[in-house]
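Peer 1: Pasting in a structure now, in structure tokens, and then I'll have a few things to ask.
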Protein chains: 2
Amino acid sequence: MRRCAAPFFGNTTMKLENNIQTDTTWDIYEDSFVSDQAVTTGSNYMIGNGYLGYRGTFADDRREQYVACVLTDTYDNADGVWKELVTAPNGMYTEIAVDGTPVRWRDAGWDDYRRDLNVRHGEWAVSAHWNTHGLRVSERRFASSDDLHLLVSRMEFVADRALKLAVRTGIDGEVWSLNGEHFVAYEPAERGDHLEIACVTGEHGYDVVVREVSELVFADGMHVASHLIDREERRILRTFELELEAGQTVVLTKYCSVYSTNDLRTHPNPFTVVSVPDAPPASGRVGIEPGASSVSLRAFSGSCEEFYRHHDPDRPAPEAVREAAGDTLKRAQDRGWTALREAHANRWERRWADMDIELVGDTVAQTALRYNLYHNIIATPAHTDHLPIGARGLSCQAYQGAAFWDEEVFNLPMFLFSAPGVARNILVYRYRTLDGARKKARELGYAGAYYAWISGDSGEEICPSYFFKDVISGRPIRNHFNDWQIHVSPDVAYTIWKYVSVTHDREYLRSYGAEIVFEVARFIASRTHYRADLDRYDIVRVLGPDEYHENVDNNFFTNYQARFVVSYAVEVHEWMTEHAEDDLKRLAGAIGLTDAEPARWRELADRIFVPEPDPETGVIPQFDGFFRLEDTTPGELKNRLLDRGEYWGWPNGVAVATQVSKQADVTQLFVLHPTAYDREVMKTNWEYYEPRTQHGSSLSPAVYAIVAAWVGHMDEAKRYFMKSCTVDLYNDNKAVSGGTFIGGIHTAACGVSWQIVVTGFAGLYLTDGGFGFRPHLPKGWDAVAFVLKRWGARLRVAIRRESADAGVTVTVSSDADSPATVAIEVGERQVDVAPGGEESVRFTG
Amino acid sequence: MRRCAAPFFGNTTMKLENNIQTDTTWDIYEDSFVSDQAVTTGSNYMIGNGYLGYRGTFADDRREQYVACVLTDTYDNADGVWKELVTAPNGMYTEIAVDGTPVRWRDAGWDDYRRDLNVRHGEWAVSAHWNTHGLRVSERRFASSDDLHLLVSRMEFVADRALKLAVRTGIDGEVWSLNGEHFVAYEPAERGDHLEIACVTGEHGYDVVVREVSELVFADGMHVASHLIDREERRILRTFELELEAGQTVVLTKYCSVYSTNDLRTHPNPFTVVSVPDAPPASGRVGIEPGASSVSLRAFSGSCEEFYRHHDPDRPAPEAVREAAGDTLKRAQDRGWTALREAHANRWERRWADMDIELVGDTVAQTALRYNLYHNIIATPAHTDHLPIGARGLSCQAYQGAAFWDEEVFNLPMFLFSAPGVARNILVYRYRTLDGARKKARELGYAGAYYAWISGDSGEEICPSYFFKDVISGRPIRNHFNDWQIHVSPDVAYTIWKYVSVTHDREYLRSYGAEIVFEVARFIASRTHYRADLDRYDIVRVLGPDEYHENVDNNFFTNYQARFVVSYAVEVHEWMTEHAEDDLKRLAGAIGLTDAEPARWRELADRIFVPEPDPETGVIPQFDGFFRLEDTTPGELKNRLLDRGEYWGWPNGVAVATQVSKQADVTQLFVLHPTAYDREVMKTNWEYYEPRTQHGSSLSPAVYAIVAAWVGHMDEAKRYFMKSCTVDLYNDNKAVSGGTFIGGIHTAACGVSWQIVVTGFAGLYLTDGGFGFRPHLPKGWDAVAFVLKRWGARLRVAIRRESADAGVTVTVSSDADSPATVAIEVGERQVDVAPGGEESVRFTG
């Protein structure tokens with residue numbers, strides 16, 4: 001490990017809020033257990049590796065305790081409404097009994113308890129001592145970063161007294177599944193010394209195979225044999241029965257492998273199912289059998305198996321999936337606990353070397369920050385270029401394990417600047433899903449690519465038309481997230497601009513990015529409307545980022561992004577004309593691009609209307625007519641609720657006819673374009689919108705934190721930073737809104753924590769030559785340090801406070817093997833940082 | 001009377017449905033009284049004269065029995081939401097007692113009862129005999145068509161036995177007012193032998209004065225003196241006490257005059273109040289004091305009186321209003337009951353000569369039809385060119401006594417063809433309210449004139465943003481009738497086209513119509529959006545006629561009307577360039593019309609997108625994406641209601657996401673353009689939309705009747721004709737929807753009854769040379785006859801069935817003094833009807 005090996009400061013144990021403590025700022029732990037926070041703590045303490053997420057529950061937890069192992073690339077519709085990732089059977093299941101009496105983790109009869117999450121090495125741990133039973137039990141668990149299909153745990157039992165211990169361990173299929181049953185078949189089996197459950201999903205017929213093997217070993221190396229296989233419909237367990245003497249220790253090591261059909265494909269899943277019809281569910285549910293594949297399966301006359309084979313002839317065979325799981329498990333057994341754990345930890349050390357942010361002077365903030373970076377990392381399928389980052393990562397099935405605009409705007413920037421290869425993979429995912437976006441545009445009557453509001457494997461829109469309900473009448477609400485929230489397309493293209501700017505990855509641009517950018521520009525061209533009497537292009541009927549206001553016109557954020565992106569499309573077209581003529585020709589041929597189109601984009605770039613600051617007040621209207629809405633506050637609206645669970649937005653929620661926003665909208669734009677408006681305008685708008693924002697979205701506080709840091713509201717900046725970083729850590733948000741589960745890890749808030757520090761407090765912005773900084777550290781923060789990459793150069797940036805109010809020093813050093821010199825702008829000063837060089841600049845602005 | 005003197009057939013007494021009978025088809029009567037239909041019968045039996053409406057209640061009825069005398073030109077806001085006409089104190093109040101015991105009409109102790117409405121002469125009558133009291137009482141009442149400020153009644157008391165009769169009569173201020181108290185002051189007074197109540201409205205300070213005088217006279221001419229004046233806060237009565245011998249008769253004649261401030265103005269009321277703010281009523285009501293004039297009055301620092309004087313310096317003085325009421329009353333007394341009644345009846349005879357439709361062979365239909373024509377006449381302020389026709393006429397305050405698109409499309413055609421001077425007055429009203437329409441357009445960010453959805457005296461939008469409520473949550477609903485239902489503007493301009501076509505009233509066109517048409521074309525130009533990728537103009541976010549579907553794009557009806565009207569604007573501009581250059585110059589100067597504008601309208605006329613029949617099915621989509629909505633039926637939706645009082649439409653009612661329409665929409669367009677689509681297309685669309693239409697609007701059945709007659713569904717045509725004509729007569733509709741009162745006379749259904757017969761069954765359409773007919777009479781109808789006028793020529797049209805299935809003969813005769821020859825097209829045949837001439841053509845098509 002490079003940078004992490006030399007931290008700026010030593011850590012101390014510290015109590016955070018909400019039953020959370022830390023020893024090292026690289027960990028969180030609790031020493032008491034609060035049972036009614038099972039949803040939250042299961043997410044907070046989870047482990048994962050971007051392929052799977054395993055919730056931080058106890059070994060003997062089951063469905064009711066929200067046990068889940070969420071698998072990527074298994075999008076499947078269980079209930080006719082929600083297409084979501086599946087949760088695999090739980091291969092980490094273990095229950096114990098002492099002298100015939102079950103000992104359960106949640107029974108809380110312990111006199112000593114602690115649950116840990118070590119984010120540095122992605123390891124979960126728990127230990128407890130039961131005086132009554134005379135037993136200490138501890139467990140460590142990790143989801144391997146070295147072999148993504150692998151979960152490993154080690155459980156230690158220490159007897160106070162002579163006792164009989166029974167350990168039942170194996171695979172339990174009774175796990176949490178948010179929106180119904182995905183599996184139409186469970187097949188428990190013994191495979192040599194392995195246990196296995198093989199399942200088949202109902203919509204697509206995907207095979208999901210979980211294998212497990214356990215070893216129980218005394219300190220002296222003696223293995224305990226298992227006695228019995230319990231096989232139930234969805235469960236297969238072995239039992240170890242043994243006698244322990246006082247002071248004796250026994251260790252259970254469990255290896256578990258997980259595979260599903262799509263993991264074995266050499267190319268992304270080509271299988272596309274006709275989406276659920278857009279009609280309202282008459283009685284709260286679309287009338288489709290659970291497990292049936294909506295319209296297309298119904299229309300197909302053969303069996304499910306024939307259907308799958310017909311549509312997906314290259315599907316890997318069930319046997320192949322089993323075999324893969326078996327091979328992985330055997331390999332794991334061979335390597336053993338210690339080697340597996342070391343390989344896993346090394347992967348984490350290498351990651352943190354680039355992705356950590358050190359923060360001197362504020363243990364709580366440092367802990368919260370690392371916790372957030374960790375969750376952004378484990379949510380991200382960095383290993384592949386055909387999967388998205390889910391809005392709740394792999395912490396649960398909420399938000400369908402699918403990507404929103406959050407992916408580009410909240411999750412990616414951290415990777416883009418510190419691990420651009422990860423960002424590239426995700427941006428290639430957007431290329432692989434272009435057809436889904438084209439299909440969506442076409443179906444709604446537009447040209448080009450309209451990226452799905454909720455994008456799974458194929459990129460087709462999987463956002464249902466009905467998901468919230470009117471909690472008073474119980475009637476489903478038609479929200480228009482899936483057809484009016486158009487800014488996702490320009491947001492993707494904007495991120496390509498940013499990625500290419502930071503990396504100069506022209507190959508990405510030529511092979512993937514240009515096609516996306518052109519198709520998005522096409523979409524925008526068809527989605528704008530010319531108002532001849534005003535000689536301008538309007539964008540009507542959209543939702544901006546603020547989701548309480550559907551059906552608005554000329555949303556500042558949307559229009560700005562749209563204008564920016566058509567302008568970028570023109571630029572890309574010009575660049576390719578000059579530098580990549582053949583690629584352009586090929587691309588133009590493939591997508592039927594005419595010469596007239598770039599000309600038209602140029603015209604649009606000049607005339608897409610972007611609302612301007614009000615000449616008197618300086619406030620930018622969030623959309624047309626915004627200032628005519630009732631001017632009130634979130635607090636006042638709360639008083640108007642008839643039911644606490646009510647959705648505040650469309651069509652008739654309390655916020656709709658008011659200026660109260662769910663989340664940052666105008667200010668959100670500033671974050672994406674830090675130099676587009678001067679600080680005075682930002683300040684005016686921050687001050688106007690902040691008291692009118694409810695922060696009903698976890699995306700909101702970070703934006704207010706960043707802009708607050710820029711405009712000098714440092715206390716507010718820090719307050720919003722902590723609010724954003726503790727959305728999950730100190731979670732007391734509702735897990736259900738308008739009848740829909742919205743719990744789990746807010747990965748966007750996790751990802752954006754990096755931006756609050758780097759974009760916000762360090763004041764990072766892109767310049768043509770490199771990076772600029774306008775740093776302002778909040779009270780109590782003495783220094784921050786992080787890595788940035790540009791054009792392959794790896795820069796270590798440290799910003800240290802000189803003394804109270806005397807400004808900061810920005811120190812930038814470049815790795816010796818950096819391929820390029822990077823210009824650094826700090827206030828008015830510019831310095832060049834050459835490979836192996838280091839420069840320091842004071843800043844008092 | 002001309003035509004009415006020679007009816008085709010003799011009448012017979014006939015029982016209709018719902019407790020209604022007729023003796024002559026010119027009357028309806030009931031011989032039993034159903035107390036829970038008080039709202040409906042009060043409307044059905046009302047009298048009126050276009051200046052005031054007086055409900056058909058009993059002499060001793062009060063507020064609880066929905067007594068109301070609704071006054072035109074008194075728009076006033078009582079509750080901060082509804083700007084509506086006021087109801088004057090009841091000058092026709094009379095209560096009686098026999099031997100000290102009160103005898104009340106509604107106590108129903110009578111053994112003989114009958115309430116009549118004679119629509120031929122606009123006279124209400126009631127009579128009853130109380131065996132228990134030994135008394136017969138009868139009353140006749142009319143609202144003078146000769147002097148519009150006058151109500152007159154005559155009450156006769158006949159004693160069976162010697163008895164003491166007490167008659168208390170005068171003015172009662174305790175009358176029905178729909179949305180709260182309009183009057184901030186009541187001043188009861190004796191003025192010589194007159195009684196008076198003078199009131200002042202709270203918002204505008206209008207004076208409303210009611211005067212009354214009564215005479216009680218024995219058969220021998222002896223006058224009974226009144227003894228006593230009872231004066232309460234809102235009531236002033238005199239008492240007659242007398243003794244009657246057995247068989248003796250005494251007659252009470254009452255004269256009542258009504259005046260309000262605006263009646264004395266020589267020009268329309270210039271007074272404009274800032275409208276109610278567009279914020280949602282937090283607790284069901286906007287927070288404005290009852291009687292206060294919303295924003296503007298609040299912002300004004302002086303007293304109400306000062307406020308009114310400041311804003312309206314030329315306001316007629318209260319004394320002048322009193323004096324006018326006094327003079328009218330004196331004049332009435334001088335003329336006396338018989339002369340007044342004769343003058344009134346003569347007016348009606350002259351009206352009917354042009355406006356009646358005779359219908360041979362169906363007594364029920366004839367009665368219902370005349371009842372509807374009557375109500376359309378009394379709802380219409382034919383006497384002035386600055387007032388609208390209210391959607392509920394003067395039957396109550398519902399719909400604010402104000403105009404909707406109903407006025408042009410439903411009420412006016414009857415006048416336009418049979419009494420074009422009346423139509424002209426109403427179309428001048430649209431000119432006088434152009435500024436209000438311009439203001440609305442401007443406020444919503446458009447050019448030109450956007451006519452109010454609900455148009456009162458000034459033409460400013462008086463449709464509240466919140467009027468329905470979600471009956472389940474009780475929360476008000478933001479409907480967008482006031483900002484998205486744009487077709488009203490083209491509908492007005494379309495009607496100007498029709499009026500000018502029928503009358504050749506070029507003076508109207510030059511002085512009024514052209515300005516409206518140009519301003520509407522301007523509005524449309526600014527309300528359309530160019531979709532460059534499709535090279536067409538879309539119209540997005542509208543409500544079409546079908547009000548269950550707000551927020552739709554490219555509504556067939558709206559787009560067709562818009563395209564028609566910009567095309568007409570081009571035509572008018574060309575005509576004026578050639579024939580009225582000076583007027584055009586003046587007008588262009590006044591409204592700043594540039595040469596570029598007509599050119600732009602020409603471009604729009606070519607490229608406003610109008611949805612076309614689906615190439616496979618022939619069905620025209622009501623709007624973009626219509627066929628993707630759930631295809632279900634009104635009956636099925638009814639089952640989904642959680643509460644019978646629920647509003648079905650926007651934003652989350654049961655119909656919103658379905659193809660179920662509130663009312664005719666696609667078919668509505670056919671009625672306005674009978675030759676634009678061929679009969680096959682109309683048939684296909686009638687058959688598609690008819691089962692999907694709920695007829696939640698009284699505007700709907702008539703449209704289905706007309707188009708059914710055209711496409712050969714004659715039984716359906718007749719069924720819908722009867723449905724339309726009995727909306728009020730057999731009323732069992734809900735009087736309240738979404739918490740809002742919607743009862744009263746459906747004047748649009750009344751007006752359109754003329755069109756069902758003439759446009760529908762007679763198959764009238766306009767030709768360049770005159771009129772065309774494609775008549776199809778329903779089963780049982782032997783003949784219809786009516787008057788049409790074109791270019792000043794008065795034509796009598798009779799369509800007689802030859803024999804069953806053998807077709808009809810159309811006979812058209814022209815008055816000797818008709819100024820023009822009119823070409824008549826019947827099927828393939830064309831004949832010219834010269835002044836004094838008569839032509840008959842057989843039609844079997």
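Every chain in the structure tokens has a letter given in the order shown (A, B, ...), and although residue numbers restart at 1 in each chain, ligands are simply numbered from 1 in the order shown.
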Name the residues in contact with region 440-448 of chain A at a cut-off of 6 Å, using only C-alpha atoms, excluding same-chain residues fewer than 4 positions from it; report them as a PyMOL selection string.

Peer 2: chain A and resi 519-520+522-523+526

Peer 1: Kindly assemble as CSV a list of the chain B residues that lie within 7 Å of chain A, each paired with its nearest atom pair and their distance in Å to one decimal, using only C-alpha atoms, sorted first by chain and then by ascending residue number.

Peer 2:
```
residue,atom,partner,partner_atom,distance
B:Ala279,CA,A:Glu630,CA,5.3
B:Pro280,CA,A:Ala657,CA,6.7
B:Ile472,CA,A:Ser473,CA,6.4
B:Ser473,CA,A:Ile472,CA,6.4
B:Ile477,CA,A:Asn652,CA,6.8
B:Ser526,CA,A:Asp533,CA,5.7
B:His529,CA,A:His529,CA,5.2
B:Tyr530,CA,A:Tyr530,CA,4.8
B:Arg531,CA,A:His529,CA,5.5
B:Ala532,CA,A:Ser526,CA,7.0
B:Asp533,CA,A:Ser526,CA,5.6
B:Leu629,CA,A:Ala279,CA,6.3
B:Glu630,CA,A:Ala279,CA,5.3
B:Pro651,CA,A:Pro651,CA,5.9
B:Asn652,CA,A:Ile477,CA,6.8
B:Ala657,CA,A:Pro280,CA,6.7
```

Peer 1: Run DSSP on the backbone and grab whatever in region 758-824 of chain B lands in strand (DSSP E or B); send it over as a PDB file with C-alpha atoms, in the first residue's frame.

Peer 2:
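For reference, selection_28.pdb as written:
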```
ATOM      1  CA  TYR B 765     -74.604  21.887 -43.734  1.00  0.00           C
ATOM      2  CA  LEU B 766     -73.354  25.132 -45.162  1.00  0.00           C
ATOM      3  CA  GLY B 770     -76.800  28.428 -49.190  1.00  0.00           C
ATOM      4  CA  PHE B 771     -77.655  25.278 -47.342  1.00  0.00           C
ATOM      5  CA  GLY B 772     -77.406  21.573 -47.897  1.00  0.00           C
ATOM      6  CA  PHE B 773     -79.480  18.843 -46.305  1.00  0.00           C
ATOM      7  CA  ALA B 783     -91.978  15.697 -40.058  1.00  0.00           C
ATOM      8  CA  VAL B 784     -89.865  18.503 -38.710  1.00  0.00           C
ATOM      9  CA  ALA B 785     -90.136  22.175 -39.592  1.00  0.00           C
ATOM     10  CA  PHE B 786     -87.998  25.140 -38.664  1.00  0.00           C
ATOM     11  CA  VAL B 787     -86.750  28.510 -39.834  1.00  0.00           C
ATOM     12  CA  LEU B 788     -83.277  29.208 -41.222  1.00  0.00           C
ATOM     13  CA  LYS B 789     -81.818  32.555 -42.172  1.00  0.00           C
ATOM     14  CA  ARG B 790     -79.055  33.286 -44.555  1.00  0.00           C
ATOM     15  CA  ALA B 793     -83.349  35.684 -46.227  1.00  0.00           C
ATOM     16  CA  ARG B 794     -85.834  33.921 -43.981  1.00  0.00           C
ATOM     17  CA  LEU B 795     -86.513  30.373 -45.075  1.00  0.00           C
ATOM     18  CA  ARG B 796     -89.099  27.978 -43.725  1.00  0.00           C
ATOM     19  CA  VAL B 797     -87.919  24.431 -43.994  1.00  0.00           C
ATOM     20  CA  ALA B 798     -90.190  21.421 -43.652  1.00  0.00           C
ATOM     21  CA  ILE B 799     -88.986  17.867 -43.935  1.00  0.00           C
ATOM     22  CA  ARG B 800     -91.735  15.298 -44.254  1.00  0.00           C
ATOM     23  CA  ARG B 801     -91.462  11.584 -44.335  1.00  0.00           C
ATOM     24  CA  VAL B 808     -88.377  12.395 -47.223  1.00  0.00           C
ATOM     25  CA  THR B 809     -89.381  15.551 -48.986  1.00  0.00           C
ATOM     26  CA  VAL B 810     -87.582  18.742 -48.170  1.00  0.00           C
ATOM     27  CA  THR B 811     -89.702  21.836 -48.716  1.00  0.00           C
ATOM     28  CA  VAL B 812     -88.098  25.236 -48.457  1.00  0.00           C
ATOM     29  CA  SER B 813     -90.028  28.467 -48.806  1.00  0.00           C
ATOM     30  CA  SER B 814     -88.619  31.944 -48.597  1.00  0.00           C
ATOM     31  CA  VAL B 822     -80.657  30.880 -51.539  1.00  0.00           C
ATOM     32  CA  ALA B 823     -79.394  27.696 -53.168  1.00  0.00           C
ATOM     33  CA  ILE B 824     -80.562  24.503 -51.531  1.00  0.00           C
TER      34      ILE B 824
END
```

Peer 1: When DSSP works through the backbone of this structure, what residues of region 95-325 of chain A end up as helix (DSSP H, G or I), shown as JSON, numbers by chain?

Peer 2: {"A": [105, 106, 107, 261, 262, 263, 264, 294, 295, 296, 297, 298, 299, 304, 305, 306, 307, 308, 309, 310, 311, 318, 319, 320, 321, 322, 323, 324, 325]}

Peer 1: Please indicate the distance in Å from CA of Gly836 (chain A) to CA of Asp817 (chain A), rounded to one decimal place.

Peer 2: 7.1 Å

Peer 1: Of the residues A:Asp491, A:Glu349, A:Asp160, A:Asp435, which is the one nearest to Leu412 (chain A), using only C-alpha atoms?

Peer 2: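 Closest to Leu412 (chain A), using only C-alpha atoms: A:Asp491.
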
Peer 1: Neighbours of Val703 (chain A) within 7 Å (only C-alpha atoms; same-chain residues fewer than 5 positions away dropped), as a PyMOL selection string?

Peer 2: chain A and resi 664+667-668+671

Peer 1: Env of Trp26 (chain A): 7 Å cut, atoms = only C-alpha atoms, seq-sep filter 5 positions within chain, self excluded. Answer as number ranges by chain.

Peer 2: A: 118-120, 367, 370

Peer 1: Would you mind listing what lies within 10 Å of Trp130 (chain B) as a list in words, with only C-alpha atoms counted and same-chain residues fewer than 6 positions away left out?

Peer 2: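 Counting only C-alpha atoms, the residues come to Val103, Trp105, Ala108, Gly109, Trp110, Asp111, Asp112, Tyr113, Arg136, Val137, Ala159 and Asp160 of chain B.
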
Peer 1: Work out how far CA of Thr253 (chain A) is from CA of Ala339 (chain A), in Å to one decimal.

Peer 2: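 If I compute the distance from CA of Ala339 (chain A) to CA of Thr253 (chain A), I get 13.0 Å.
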
Peer 1: Name the closest residue to Leu427 (chain A) among the candidates A:Trp405, A:Ile378, A:Tyr512, A:Ala676; distances are taken between atoms, counting only C-alpha atoms.

Peer 2: A:Tyr512

Peer 1: Do you have the CA of Pro621 (chain B)-CA of Asn685 (chain B) distance handy?

Peer 2: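 So the answer is 9.3 Å.
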
Peer 1: So, with only C-alpha atoms as the atoms that count, which of A:Pro674, A:Gly192, A:Gly247, A:Gly827 lies closest to Gly760 (chain A)?

Peer 2: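 Of the candidates, the smallest distance to Gly760 (chain A) is held by A:Pro674.
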
Peer 1: Would you pick out the contacts of region 452-465 of chain A at 7 Å or less, using only C-alpha atoms, so that residues sharing its chain but fewer than 2 positions from it are not included, and give the list as a list in words?

Peer 2: Asp73, Tyr75, Val81, Trp82, Lys83, Thr272, Asp278, Leu387, Pro388, Ala402, Ala403, Phe404, Thr433, Leu434, Gly436, Ala437, Lys440, Tyr450, Phe467, Arg478, Asn479, His480, Phe481, Asn482 and Val488 of chain A

Peer 1: As a list in words, please: the residues near Thr328 (chain B) (cut-off 12 Å, only C-alpha atoms, same-chain neighbours under 4 positions excluded).

Peer 2: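 Using only C-alpha atoms, the neighbours found are Ser144, Asp146, Asp147, Leu148, His149, Leu150, Leu151, Val152, His194, Val209, Val210, Arg211, Glu212, Val213, Tyr255, Cys256, Ser257, Val258, Tyr259, Val321, Arg322, Glu323, Ala324, Ala332, Gln333, Asp334 and Arg335 of chain B.
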